[in-house]
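Novice: Next comes the structure file entry03.cif, holding mmCIF, C-alpha atoms.
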```cif
data_work
loop_
_atom_site.label_atom_id
_atom_site.label_comp_id
_atom_site.auth_asym_id
_atom_site.auth_seq_id
_atom_site.Cartn_x
_atom_site.Cartn_y
_atom_site.Cartn_z
CA MET D 1 96.76 30.60 -24.53
CA LYS D 2 95.62 29.61 -28.00
CA LEU D 3 92.69 27.77 -26.49
CA LYS D 4 91.77 30.82 -24.50
CA LEU D 5 91.84 32.99 -27.64
CA ILE D 6 89.60 30.55 -29.50
CA PHE D 7 87.25 30.58 -26.57
CA ILE D 8 87.06 34.37 -26.53
CA VAL D 9 86.49 34.55 -30.29
CA PHE D 10 83.79 31.90 -30.04
CA PHE D 11 82.12 33.73 -27.22
CA ALA D 12 82.24 37.05 -29.04
CA LEU D 13 80.75 35.46 -32.16
CA ALA D 14 78.02 33.77 -30.19
CA SER D 15 77.02 36.98 -28.49
CA CYS D 16 77.11 38.82 -31.82
CA LYS D 17 74.75 36.31 -33.30
CA GLN D 18 72.45 36.72 -30.35
CA GLU D 19 72.62 40.46 -30.76
CA SER D 20 71.47 40.41 -34.37
CA LYS D 21 68.63 38.06 -33.46
CA LYS D 22 67.40 40.53 -30.86
CA GLU D 23 67.42 43.38 -33.35
CA THR D 24 64.72 41.75 -35.43
CA ASN D 25 62.55 40.66 -32.55
CA VAL D 26 60.04 43.52 -32.43
CA LYS D 27 59.78 43.56 -36.20
CA GLU D 28 59.22 39.82 -36.35
CA ILE D 29 56.36 39.97 -33.87
CA SER D 30 54.81 42.92 -35.59
CA LYS D 31 54.91 41.18 -38.98
CA ALA D 32 53.36 38.04 -37.64
CA LYS D 33 50.57 39.28 -35.42
CA ALA D 34 48.91 42.44 -36.76
CA ILE D 35 45.21 41.64 -37.19
CA LYS D 36 44.78 44.38 -39.71
CA THR D 37 46.80 47.16 -41.17
CA ASN D 38 45.47 50.55 -42.04
CA ASN D 39 48.12 51.98 -44.34
CA ALA D 40 50.85 52.94 -41.92
CA LEU D 41 49.18 51.64 -38.77
CA GLU D 42 49.70 48.24 -37.16
CA ILE D 43 46.46 47.37 -35.40
CA TYR D 44 46.22 44.55 -32.87
CA ASP D 45 43.79 42.93 -30.50
CA PHE D 46 45.23 42.15 -27.07
CA ASN D 47 46.49 38.72 -28.14
CA GLY D 48 48.54 40.52 -30.75
CA ILE D 49 49.89 43.10 -28.31
CA GLU D 50 50.75 40.66 -25.54
CA PRO D 51 53.99 39.35 -27.11
CA PHE D 52 55.32 42.93 -27.21
CA LEU D 53 54.91 43.07 -23.44
CA ASN D 54 56.95 39.89 -22.94
CA ILE D 55 59.99 40.02 -25.18
CA LYS D 56 62.78 38.12 -23.50
CA ASP D 57 65.97 39.41 -25.06
CA ASN D 58 68.69 41.68 -23.77
CA LYS D 59 66.84 44.91 -24.37
CA THR D 60 64.85 47.04 -21.96
CA TYR D 61 61.40 47.97 -23.21
CA VAL D 62 59.49 51.11 -22.32
CA VAL D 63 55.85 50.58 -23.26
CA ASN D 64 53.52 53.58 -23.02
CA PHE D 65 49.72 53.31 -23.31
CA TRP D 66 48.36 56.56 -24.72
CA ALA D 67 45.87 58.17 -27.08
CA THR D 68 45.71 61.42 -29.03
CA TRP D 69 42.56 62.41 -27.09
CA CYS D 70 44.34 61.99 -23.73
CA GLY D 71 45.79 65.36 -22.69
CA PRO D 72 48.40 64.16 -20.19
CA CYS D 73 49.46 61.43 -22.63
CA VAL D 74 50.12 63.92 -25.41
CA LYS D 75 51.96 66.14 -22.95
CA GLU D 76 54.37 63.40 -21.83
CA LEU D 77 54.85 61.82 -25.27
CA PRO D 78 57.85 64.04 -26.15
CA HIS D 79 59.63 62.62 -23.07
CA PHE D 80 59.28 59.10 -24.43
CA GLU D 81 60.58 60.29 -27.80
CA GLU D 82 63.50 61.98 -26.11
CA LEU D 83 64.19 58.85 -24.08
CA TYR D 84 64.21 56.78 -27.26
CA LYS D 85 66.58 59.23 -28.92
CA ASN D 86 68.98 59.16 -25.98
CA TYR D 87 68.87 55.43 -25.25
CA ARG D 88 68.22 53.70 -28.56
CA ASP D 89 71.90 52.87 -28.78
CA LYS D 90 71.86 51.51 -25.24
CA ASN D 91 69.61 48.56 -25.88
CA VAL D 92 66.39 50.40 -25.11
CA GLU D 93 63.26 50.15 -27.21
CA VAL D 94 60.23 52.46 -26.82
CA LEU D 95 56.80 51.18 -27.85
CA LEU D 96 53.85 53.57 -27.99
CA VAL D 97 50.60 51.63 -27.72
CA SER D 98 47.76 53.84 -28.96
CA LEU D 99 44.25 53.36 -27.60
CA ASP D 100 42.73 55.76 -30.08
CA PHE D 101 39.22 55.07 -31.32
CA PRO D 102 39.05 53.27 -34.68
CA HIS D 103 36.95 56.04 -36.24
CA GLN D 104 39.77 58.47 -35.49
CA TYR D 105 42.67 56.47 -36.95
CA ASP D 106 42.62 58.49 -40.16
CA THR D 107 41.46 61.83 -38.79
CA LYS D 108 43.50 62.03 -35.57
CA LEU D 109 46.08 59.30 -35.05
CA LYS D 110 47.78 59.18 -38.44
CA PRO D 111 48.08 62.97 -38.77
CA PHE D 112 49.44 63.11 -35.19
CA ILE D 113 52.15 60.51 -35.90
CA LYS D 114 53.08 62.35 -39.07
CA GLU D 115 53.10 65.87 -37.63
CA ARG D 116 55.04 64.89 -34.53
CA LYS D 117 57.39 62.76 -36.65
CA LEU D 118 57.26 60.04 -34.00
CA GLN D 119 60.41 57.94 -34.02
CA SER D 120 59.37 55.32 -31.49
CA LYS D 121 57.40 52.36 -32.74
CA VAL D 122 53.64 52.99 -32.63
CA LEU D 123 51.29 50.03 -32.16
CA VAL D 124 47.52 50.34 -32.08
CA LEU D 125 45.43 48.32 -29.63
CA ASP D 126 41.79 47.83 -30.60
CA ASP D 127 40.14 45.42 -28.19
CA PRO D 128 36.91 46.53 -26.51
CA ASP D 129 36.82 43.67 -23.97
CA MET D 130 38.93 45.64 -21.54
CA ASN D 131 38.00 43.82 -18.39
CA THR D 132 39.72 40.79 -19.87
CA TRP D 133 42.96 42.36 -21.01
CA ILE D 134 43.62 45.23 -18.56
CA PRO D 135 44.50 42.85 -15.68
CA LYS D 136 46.81 40.96 -18.04
CA VAL D 137 48.82 44.13 -18.59
CA ASP D 138 49.03 44.61 -14.84
CA GLU D 139 46.74 43.42 -12.10
CA ASN D 140 46.96 46.81 -10.37
CA TRP D 141 45.98 48.87 -13.42
CA SER D 142 42.60 50.56 -12.89
CA GLY D 143 42.49 51.42 -16.58
CA SER D 144 43.33 55.12 -16.60
CA ILE D 145 45.84 56.41 -19.11
CA PRO D 146 48.61 57.36 -19.41
CA ALA D 147 50.10 54.12 -18.14
CA THR D 148 53.60 52.77 -18.71
CA ILE D 149 55.48 49.51 -18.32
CA ILE D 150 59.24 49.32 -18.18
CA TYR D 151 60.55 45.78 -18.46
CA ASN D 152 63.37 43.55 -19.48
CA LYS D 153 63.81 39.82 -19.12
CA ASN D 154 64.64 40.19 -15.44
CA GLU D 155 62.18 42.67 -14.06
CA ARG D 156 59.09 44.71 -14.77
CA THR D 157 57.50 47.80 -13.25
CA PHE D 158 54.08 49.23 -14.01
CA PHE D 159 53.18 52.91 -13.63
CA GLU D 160 49.68 54.39 -13.72
CA GLN D 161 50.89 58.00 -13.84
CA SER D 162 52.36 60.80 -15.96
CA PHE D 163 56.09 61.35 -16.24
CA THR D 164 58.48 64.24 -16.57
CA TYR D 165 61.59 63.39 -18.61
CA GLU D 166 63.70 63.26 -15.46
CA GLU D 167 61.33 60.88 -13.69
CA LEU D 168 61.16 58.64 -16.72
CA GLU D 169 64.91 58.55 -17.17
CA GLU D 170 65.39 57.83 -13.46
CA GLN D 171 63.07 54.82 -13.69
CA LEU D 172 64.77 53.57 -16.84
CA GLN D 173 68.21 53.90 -15.26
CA GLN D 174 67.21 51.36 -12.62
CA PHE D 175 66.78 48.81 -15.38
CA LEU D 176 70.09 49.59 -17.02
CA ASN D 177 72.29 49.34 -13.95
CA MET R 1 90.02 28.26 -18.53
CA LYS R 2 88.50 26.79 -15.44
CA LYS R 3 88.28 30.22 -13.89
CA THR R 4 86.38 31.54 -16.93
CA THR R 5 83.88 28.69 -16.71
CA THR R 6 83.34 29.41 -13.05
CA LEU R 7 82.73 33.04 -13.88
CA ILE R 8 80.17 32.18 -16.53
CA VAL R 9 78.34 29.84 -14.18
CA ALA R 10 78.35 32.51 -11.47
CA GLY R 11 77.04 35.04 -13.99
CA CYS R 12 74.22 32.73 -15.00
CA LEU R 13 73.26 32.24 -11.38
CA VAL R 14 73.08 36.00 -10.81
CA LEU R 15 70.87 36.36 -13.89
CA LEU R 16 68.59 33.56 -12.75
CA VAL R 17 68.11 35.05 -9.32
CA SER R 18 67.44 38.55 -10.61
CA ALA R 19 64.92 37.16 -13.09
CA PHE R 20 62.47 36.74 -10.26
CA ALA R 21 62.87 40.22 -8.82
CA VAL R 22 59.59 41.84 -9.86
CA LYS R 23 58.81 45.24 -8.45
CA LYS R 24 55.34 46.28 -7.34
CA ILE R 25 53.92 49.78 -7.21
CA ALA R 26 51.27 50.66 -4.67
CA THR R 27 47.79 51.13 -6.10
CA ALA R 28 45.46 54.03 -5.53
CA GLU R 29 43.70 53.92 -2.20
CA GLY R 30 39.99 54.24 -1.69
CA TYR R 31 36.92 52.19 -0.94
CA LYS R 32 37.09 48.46 -1.35
CA ILE R 33 34.12 46.17 -1.86
CA GLY R 34 32.25 45.92 1.43
CA ASP R 35 33.38 49.32 2.78
CA ILE R 36 30.83 51.83 4.04
CA ALA R 37 30.82 55.04 1.98
CA GLU R 38 31.02 58.23 4.03
CA ASN R 39 28.47 60.95 3.50
CA PHE R 40 29.47 63.75 1.11
CA THR R 41 27.84 67.01 0.04
CA LEU R 42 28.57 68.50 -3.38
CA LYS R 43 27.15 71.21 -5.60
CA ASN R 44 24.74 70.21 -8.34
CA ILE R 45 24.51 71.95 -11.73
CA ASP R 46 21.39 73.79 -10.48
CA GLY R 47 23.47 75.35 -7.70
CA LYS R 48 21.84 73.31 -4.93
CA MET R 49 23.82 71.05 -2.65
CA VAL R 50 23.25 67.30 -2.83
CA SER R 51 24.35 64.79 -0.18
CA LEU R 52 24.60 61.04 -0.20
CA SER R 53 22.40 61.12 2.91
CA ASP R 54 19.59 62.55 0.71
CA TYR R 55 19.32 59.01 -0.66
CA GLU R 56 18.41 57.37 2.60
CA ASN R 57 14.99 56.41 1.31
CA GLU R 58 16.45 54.66 -1.74
CA LYS R 59 17.69 51.08 -1.87
CA GLY R 60 21.02 52.30 -3.12
CA VAL R 61 22.83 54.65 -5.52
CA ILE R 62 24.75 54.16 -8.76
CA VAL R 63 27.56 56.67 -8.18
CA THR R 64 29.10 57.52 -11.55
CA PHE R 65 32.29 59.55 -11.91
CA THR R 66 32.08 61.10 -15.34
CA CYS R 67 32.91 64.30 -17.22
CA ASN R 68 32.24 66.16 -20.47
CA THR R 69 35.70 65.93 -21.93
CA CYS R 70 36.70 62.29 -21.81
CA PRO R 71 35.75 60.38 -24.98
CA TYR R 72 35.09 57.20 -23.00
CA ALA R 73 32.79 59.08 -20.62
CA VAL R 74 31.04 60.67 -23.58
CA ALA R 75 30.66 57.26 -25.23
CA TYR R 76 28.76 56.11 -22.15
CA GLU R 77 26.49 59.14 -21.54
CA ASP R 78 23.43 57.64 -23.21
CA ARG R 79 23.96 54.37 -21.36
CA ILE R 80 24.19 56.21 -18.03
CA VAL R 81 20.89 57.97 -18.79
CA ALA R 82 19.39 54.56 -19.66
CA LEU R 83 20.64 53.11 -16.36
CA ASP R 84 18.90 55.86 -14.40
CA LYS R 85 15.73 55.41 -16.42
CA LYS R 86 15.70 51.69 -15.72
CA TYR R 87 16.84 51.62 -12.10
CA ALA R 88 15.72 54.89 -10.45
CA LYS R 89 12.19 53.52 -10.24
CA GLN R 90 13.54 50.31 -8.77
CA GLY R 91 15.31 52.19 -5.98
CA TYR R 92 18.80 52.55 -7.49
CA PRO R 93 19.12 56.00 -9.10
CA VAL R 94 22.25 57.35 -10.77
CA LEU R 95 24.25 60.09 -9.04
CA ALA R 96 26.89 61.57 -11.35
CA ILE R 97 30.01 63.36 -10.08
CA MET R 98 32.48 65.33 -12.19
CA PRO R 99 35.88 64.98 -10.47
CA ASN R 100 38.28 66.94 -12.72
CA ASP R 101 40.09 70.15 -11.81
CA THR R 102 38.42 72.73 -14.03
CA SER R 103 41.53 74.90 -14.31
CA ILE R 104 43.02 72.00 -16.30
CA LYS R 105 39.77 71.08 -18.00
CA PRO R 106 37.74 74.31 -18.43
CA ASP R 107 35.23 72.39 -20.56
CA ASP R 108 34.29 70.49 -17.42
CA ASP R 109 33.29 73.56 -15.40
CA LEU R 110 29.85 73.98 -13.89
CA ASN R 111 28.45 75.89 -16.88
CA ALA R 112 29.76 73.32 -19.33
CA MET R 113 28.39 70.53 -17.12
CA LYS R 114 24.97 72.19 -17.09
CA LYS R 115 25.04 72.56 -20.87
CA ARG R 116 26.06 68.95 -21.39
CA ALA R 117 23.43 67.67 -18.97
CA ASP R 118 20.76 69.63 -20.86
CA GLU R 119 21.96 68.37 -24.24
CA LYS R 120 22.02 64.76 -23.14
CA GLY R 121 18.90 64.98 -21.01
CA PHE R 122 20.45 63.90 -17.73
CA THR R 123 17.65 62.77 -15.41
CA PHE R 124 19.91 62.70 -12.34
CA PRO R 125 22.05 65.20 -10.38
CA TYR R 126 25.42 66.03 -11.95
CA LEU R 127 27.64 67.18 -9.08
CA ILE R 128 31.03 68.84 -9.13
CA ASP R 129 33.78 67.66 -6.78
CA GLU R 130 35.16 71.21 -6.49
CA LYS R 131 37.58 70.51 -3.66
CA GLN R 132 38.52 67.18 -5.21
CA ASP R 133 38.16 65.48 -1.85
CA VAL R 134 35.33 63.06 -2.66
CA PHE R 135 36.76 61.09 -5.58
CA PRO R 136 39.93 60.11 -3.62
CA LYS R 137 37.76 58.65 -0.85
CA PHE R 138 36.11 56.44 -3.41
CA GLY R 139 39.44 55.67 -5.02
CA ALA R 140 38.10 56.78 -8.39
CA THR R 141 40.96 57.12 -10.85
CA LYS R 142 39.28 57.79 -14.15
CA THR R 143 36.12 58.67 -16.00
CA PRO R 144 33.87 56.82 -16.34
CA HIS R 145 34.21 54.93 -13.06
CA ILE R 146 31.16 53.39 -11.39
CA PHE R 147 30.57 52.62 -7.69
CA ILE R 148 27.30 50.94 -6.79
CA LEU R 149 26.26 51.62 -3.21
CA ASP R 150 23.73 49.41 -1.47
CA ARG R 151 21.92 50.98 1.47
CA THR R 152 21.88 48.74 4.51
CA GLU R 153 21.29 49.26 8.22
CA VAL R 154 24.94 50.16 8.71
CA GLY R 155 25.12 52.57 5.79
CA PHE R 156 25.85 52.69 2.08
CA VAL R 157 27.91 49.58 1.34
CA VAL R 158 30.23 49.70 -1.69
CA SER R 159 29.01 46.68 -3.65
CA TYR R 160 30.44 47.08 -7.14
CA ILE R 161 33.39 49.01 -8.59
CA GLY R 162 34.26 49.33 -12.24
CA ALA R 163 32.91 49.60 -15.76
CA ILE R 164 29.36 49.84 -17.09
CA ASP R 165 29.67 47.03 -19.63
CA ASN R 166 32.19 45.22 -21.80
CA ASN R 167 32.10 47.27 -24.99
CA TYR R 168 32.77 51.00 -24.97
CA LYS R 169 32.48 51.23 -28.73
CA SER R 170 28.90 50.25 -29.16
CA ALA R 171 26.02 49.54 -26.84
CA GLU R 172 24.75 47.03 -29.39
CA ALA R 173 27.95 44.97 -29.27
CA VAL R 174 27.84 44.63 -25.47
CA THR R 175 27.68 41.04 -24.26
CA THR R 176 27.98 41.63 -20.50
CA LYS R 177 26.28 44.49 -18.70
CA TYR R 178 28.28 44.60 -15.48
CA VAL R 179 26.33 47.37 -13.72
CA GLU R 180 22.92 45.99 -14.67
CA ASN R 181 23.93 42.51 -13.53
CA ALA R 182 25.13 43.92 -10.22
CA VAL R 183 22.01 46.02 -9.55
CA ASP R 184 19.76 43.14 -10.63
CA ALA R 185 21.54 40.91 -8.13
CA LEU R 186 21.06 43.48 -5.35
CA ILE R 187 17.37 43.81 -6.18
CA LYS R 188 16.94 40.04 -6.06
CA GLY R 189 18.99 39.82 -2.88
CA GLU R 190 21.58 37.66 -4.62
CA GLU R 191 25.36 37.77 -4.51
CA ILE R 192 26.92 39.99 -7.19
CA ILE R 193 29.03 37.68 -9.32
CA GLU R 194 31.42 40.24 -10.83
CA LYS R 195 32.07 42.80 -8.11
CA GLU R 196 35.00 44.53 -9.80
CA THR R 197 35.75 45.13 -13.47
CA LYS R 198 38.33 47.15 -15.37
CA ALA R 199 38.03 49.51 -18.30
CA ILE R 200 40.14 52.17 -19.97
CA GLY R 201 39.25 55.70 -18.99
CA CYS R 202 40.72 59.19 -18.78
CA SER R 203 42.73 59.82 -15.66
CA ILE R 204 41.07 62.28 -13.27
CA LYS R 205 42.79 65.64 -13.69
CA VAL R 206 44.32 67.08 -10.55
CA ALA R 207 46.12 70.45 -10.40
CA LYS R 208 49.71 70.10 -9.24
CA ASN R 209 50.52 72.19 -6.21
#
```
Any chance you could put this one into structure tokens?
Specialist:
Amino acid sequence: MKLKLIFIVFFALASCKQESKKETNVKEISKAKAIKTNNALEIYDFNGIEPFLNIKDNKTYVVNFWATWCGPCVKELPHFEELYKNYRDKNVEVLLVSLDFPHQYDTKLKPFIKERKLQSKVLVLDDPDMNTWIPKVDENWSGSIPATIIYNKNERTFFEQSFTYEELEEQLQQFLN
Amino acid sequence: MKKTTTLIVAGCLVLLVSAFAVKKIATAEGYKIGDIAENFTLKNIDGKMVSLSDYENEKGVIVTFTCNTCPYAVAYEDRIVALDKKYAKQGYPVLAIMPNDTSIKPDDDLNAMKKRADEKGFTFPYLIDEKQDVFPKFGATKTPHIFILDRTEVGFVVSYIGAIDNNYKSAEAVTTKYVENAVDALIKGEEIIEKETKAIGCSIKVAKN
């Protein structure tokens, strides 16, 4: 009995420790790999973004490729924010990867993030050699945005489409069950 | 104790197995390399109808899905004009098609297209896919999206699908000109080395029923 109790305590501690390690994962990557920062923005080439697409912890990641100039992206962005709000306590992380043009970081992207008070983590991808990195995101991606990946350490699905909140939540649920 | 261990082992096994369950989503359908493009007839900005079959005396056509409103398409306008300038006289003219639904993108309507073509000095037809039934046949998903057709005895063969070059930001920073390489290969009668390339673009806007 005593042995069993020790075992349970040990197990609980071990999983706790793992839990806290996971919490810092996204932050650790982002600290290490940003090629340049532009005040509030974290700007990456594809090599810098790739680790965010392959985090192997216990969380489920919803990664949305978007830009302020992309109408359908801007339209669906509130759904990703809502999803983050509703699932942040359920081991879900939302990453918004902006493909905005560098000359519009200050005039469009930063004001947009501020005005919309975006809560999800925003990363900026600036890598013009698209033919090299698009197939690495997903071999079926033609390159149109919006595009979204939902993944965890066990599975991954790629979507080249727009979402309603219900559709997005339905897809996420499949990863949480 | 033993039971717990067994459970943990079983749990690990389940995790391992599910780790390899990767889901795939079907891709957009449309022409593949080597397919024969069907004829189509669409309205040009001058009001006249233009068909693919009008190009039967050319060696081929650089079909370019583009629009006024997508920043990537706009970034490539001058380069599309340059392509036509270089290759029309060699038998491979540009044929531009605007695929968006204009109720969603009013700035892509025929008047706006005409205005933009005048401003940028388009030297090629700029057609509107009003019924939105041509771009799906090609499998175009975004603007800009290029399909090089090579005219052969059996018809217009889809020979290249993808991007214009490898740097949207600046024509000067380009190191690989995919479309030029492909057309040059066709002119020389050589195999196109890169037949398909990828680039970011704006999704083609379709009205929901």
Novice: I need every residue sitting at most 7 Å from the point (31.4, 68.0, -18.8) (coordinates as in the file, only C-alpha atoms considered), written as a list in words.
Specialist: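 I get Cys67, Asn68, Thr69, Asp107, Asp108, Asp109, Ala112, Met113 and Arg116 of chain R for the residues within 7 Å of that point.
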Novice: Limited to C-alpha atoms, could you put the picked residues into a file as a PDB file, in the coordinates of the input?
Specialist:
```
ATOM      1  CA  CYS R  67      32.910  64.300 -17.220  1.00  0.00           C
ATOM      2  CA  ASN R  68      32.240  66.160 -20.470  1.00  0.00           C
ATOM      3  CA  THR R  69      35.700  65.930 -21.930  1.00  0.00           C
ATOM      4  CA  ASP R 107      35.230  72.390 -20.560  1.00  0.00           C
ATOM      5  CA  ASP R 108      34.290  70.490 -17.420  1.00  0.00           C
ATOM      6  CA  ASP R 109      33.290  73.560 -15.400  1.00  0.00           C
ATOM      7  CA  ALA R 112      29.760  73.320 -19.330  1.00  0.00           C
ATOM      8  CA  MET R 113      28.390  70.530 -17.120  1.00  0.00           C
ATOM      9  CA  ARG R 116      26.060  68.950 -21.390  1.00  0.00           C
TER      10      ARG R 116
END
```
Novice: What does the distance between CA of Ser203 in chain R and CA of Pro72 in chain D come to in Å, to one decimal place?
Specialist: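 A separation of 8.5 Å between them.
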Novice: Measuring atom to atom with all atoms listed in the file, identify which of D:Gln119, D:Asn91, D:Thr132, D:Thr107 is nearest to Thr197 in chain R.
Specialist: D:Thr132
Novice: Applied to the shown file, which residues does the PyMOL selection byres ((chain D and resi 63) around 6) return, written as a PyMOL selection string?
Specialist: chain D and resi 62+64+94-96+148-149
Novice: Residues near range 148-154 of chain R, anyone? I mean within 10 Å using only C-alpha atoms, not counting same-chain ones fewer than 2 positions away, as a ChimeraX atom specification.
Specialist: /R:33-37,55-64,91-95,146,156-162,179,182-183,186-187,195
Novice: Which is closer to Thr143 in chain R than all the others in R:Ala163, R:Leu110, R:Phe122, R:Lys188, using only C-alpha atoms?
Specialist: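 So, comparing all the options, the nearest one is R:Ala163.
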Novice: Applied to this file, what does the PyMOL selection byres ((chain D) within 8 of (chain R)) return in terms of residues, put as a PyMOL selection string?
Specialist: chain D and resi 4+69-70+128-132+134-135+140-146+153-159
Novice: Store the residues of this selection in a file with C-alpha atoms, as a PDB file, in the coordinates of the input.
Specialist:
```pdb
ATOM      1  CA  LYS D   4      91.770  30.820 -24.500  1.00  0.00           C
ATOM      2  CA  TRP D  69      42.560  62.410 -27.090  1.00  0.00           C
ATOM      3  CA  CYS D  70      44.340  61.990 -23.730  1.00  0.00           C
ATOM      4  CA  PRO D 128      36.910  46.530 -26.510  1.00  0.00           C
ATOM      5  CA  ASP D 129      36.820  43.670 -23.970  1.00  0.00           C
ATOM      6  CA  MET D 130      38.930  45.640 -21.540  1.00  0.00           C
ATOM      7  CA  ASN D 131      38.000  43.820 -18.390  1.00  0.00           C
ATOM      8  CA  THR D 132      39.720  40.790 -19.870  1.00  0.00           C
ATOM      9  CA  ILE D 134      43.620  45.230 -18.560  1.00  0.00           C
ATOM     10  CA  PRO D 135      44.500  42.850 -15.680  1.00  0.00           C
ATOM     11  CA  ASN D 140      46.960  46.810 -10.370  1.00  0.00           C
ATOM     12  CA  TRP D 141      45.980  48.870 -13.420  1.00  0.00           C
ATOM     13  CA  SER D 142      42.600  50.560 -12.890  1.00  0.00           C
ATOM     14  CA  GLY D 143      42.490  51.420 -16.580  1.00  0.00           C
ATOM     15  CA  SER D 144      43.330  55.120 -16.600  1.00  0.00           C
ATOM     16  CA  ILE D 145      45.840  56.410 -19.110  1.00  0.00           C
ATOM     17  CA  PRO D 146      48.610  57.360 -19.410  1.00  0.00           C
ATOM     18  CA  LYS D 153      63.810  39.820 -19.120  1.00  0.00           C
ATOM     19  CA  ASN D 154      64.640  40.190 -15.440  1.00  0.00           C
ATOM     20  CA  GLU D 155      62.180  42.670 -14.060  1.00  0.00           C
ATOM     21  CA  ARG D 156      59.090  44.710 -14.770  1.00  0.00           C
ATOM     22  CA  THR D 157      57.500  47.800 -13.250  1.00  0.00           C
ATOM     23  CA  PHE D 158      54.080  49.230 -14.010  1.00  0.00           C
ATOM     24  CA  PHE D 159      53.180  52.910 -13.630  1.00  0.00           C
TER      25      PHE D 159
END
```
Novice: Env of Glu82 in chain D: 12 Å cut, atoms = only C-alpha atoms, seq-sep filter 3 positions within chain, self excluded. Answer as a list in words.
Specialist: Glu76, Leu77, Pro78, His79, Lys85, Asn86, Tyr87, Arg88, Val92, Glu93, Val94, Leu118, Gln119, Ser120, Thr164, Tyr165, Glu166, Leu168 and Glu169 of chain D
Novice: Distance CA of Tyr151 in chain D-CA of Ala67 in chain D, one decimal place?
Specialist: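 Computing it gives 21.1 Å between the two atoms.
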Novice: Would you translate the PyMOL selection byres ((chain R and resi 135) around 9) into the concrete set of residues it matches in this file, as a ChimeraX atom specification?
Specialist: /R:30,65,97-99,129,132-134,136-141,204
Novice: Tell me, in Å to one decimal, how far CA of Gly189 in chain R is from CA of Ile164 in chain R.
Specialist: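 Separation of CA of Gly189 in chain R and CA of Ile164 in chain R: 20.2 Å.
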Novice: Emit as JSON the padded axis-aligned box for all listed atoms of range 195-203 of chain R, 4 Å per side, with centre and edge lengths in Å to one decimal.
Specialist:
```
{"center_x": 37.4, "center_y": 51.3, "center_z": -14.0, "size_x": 18.7, "size_y": 25.0, "size_z": 19.9}
```
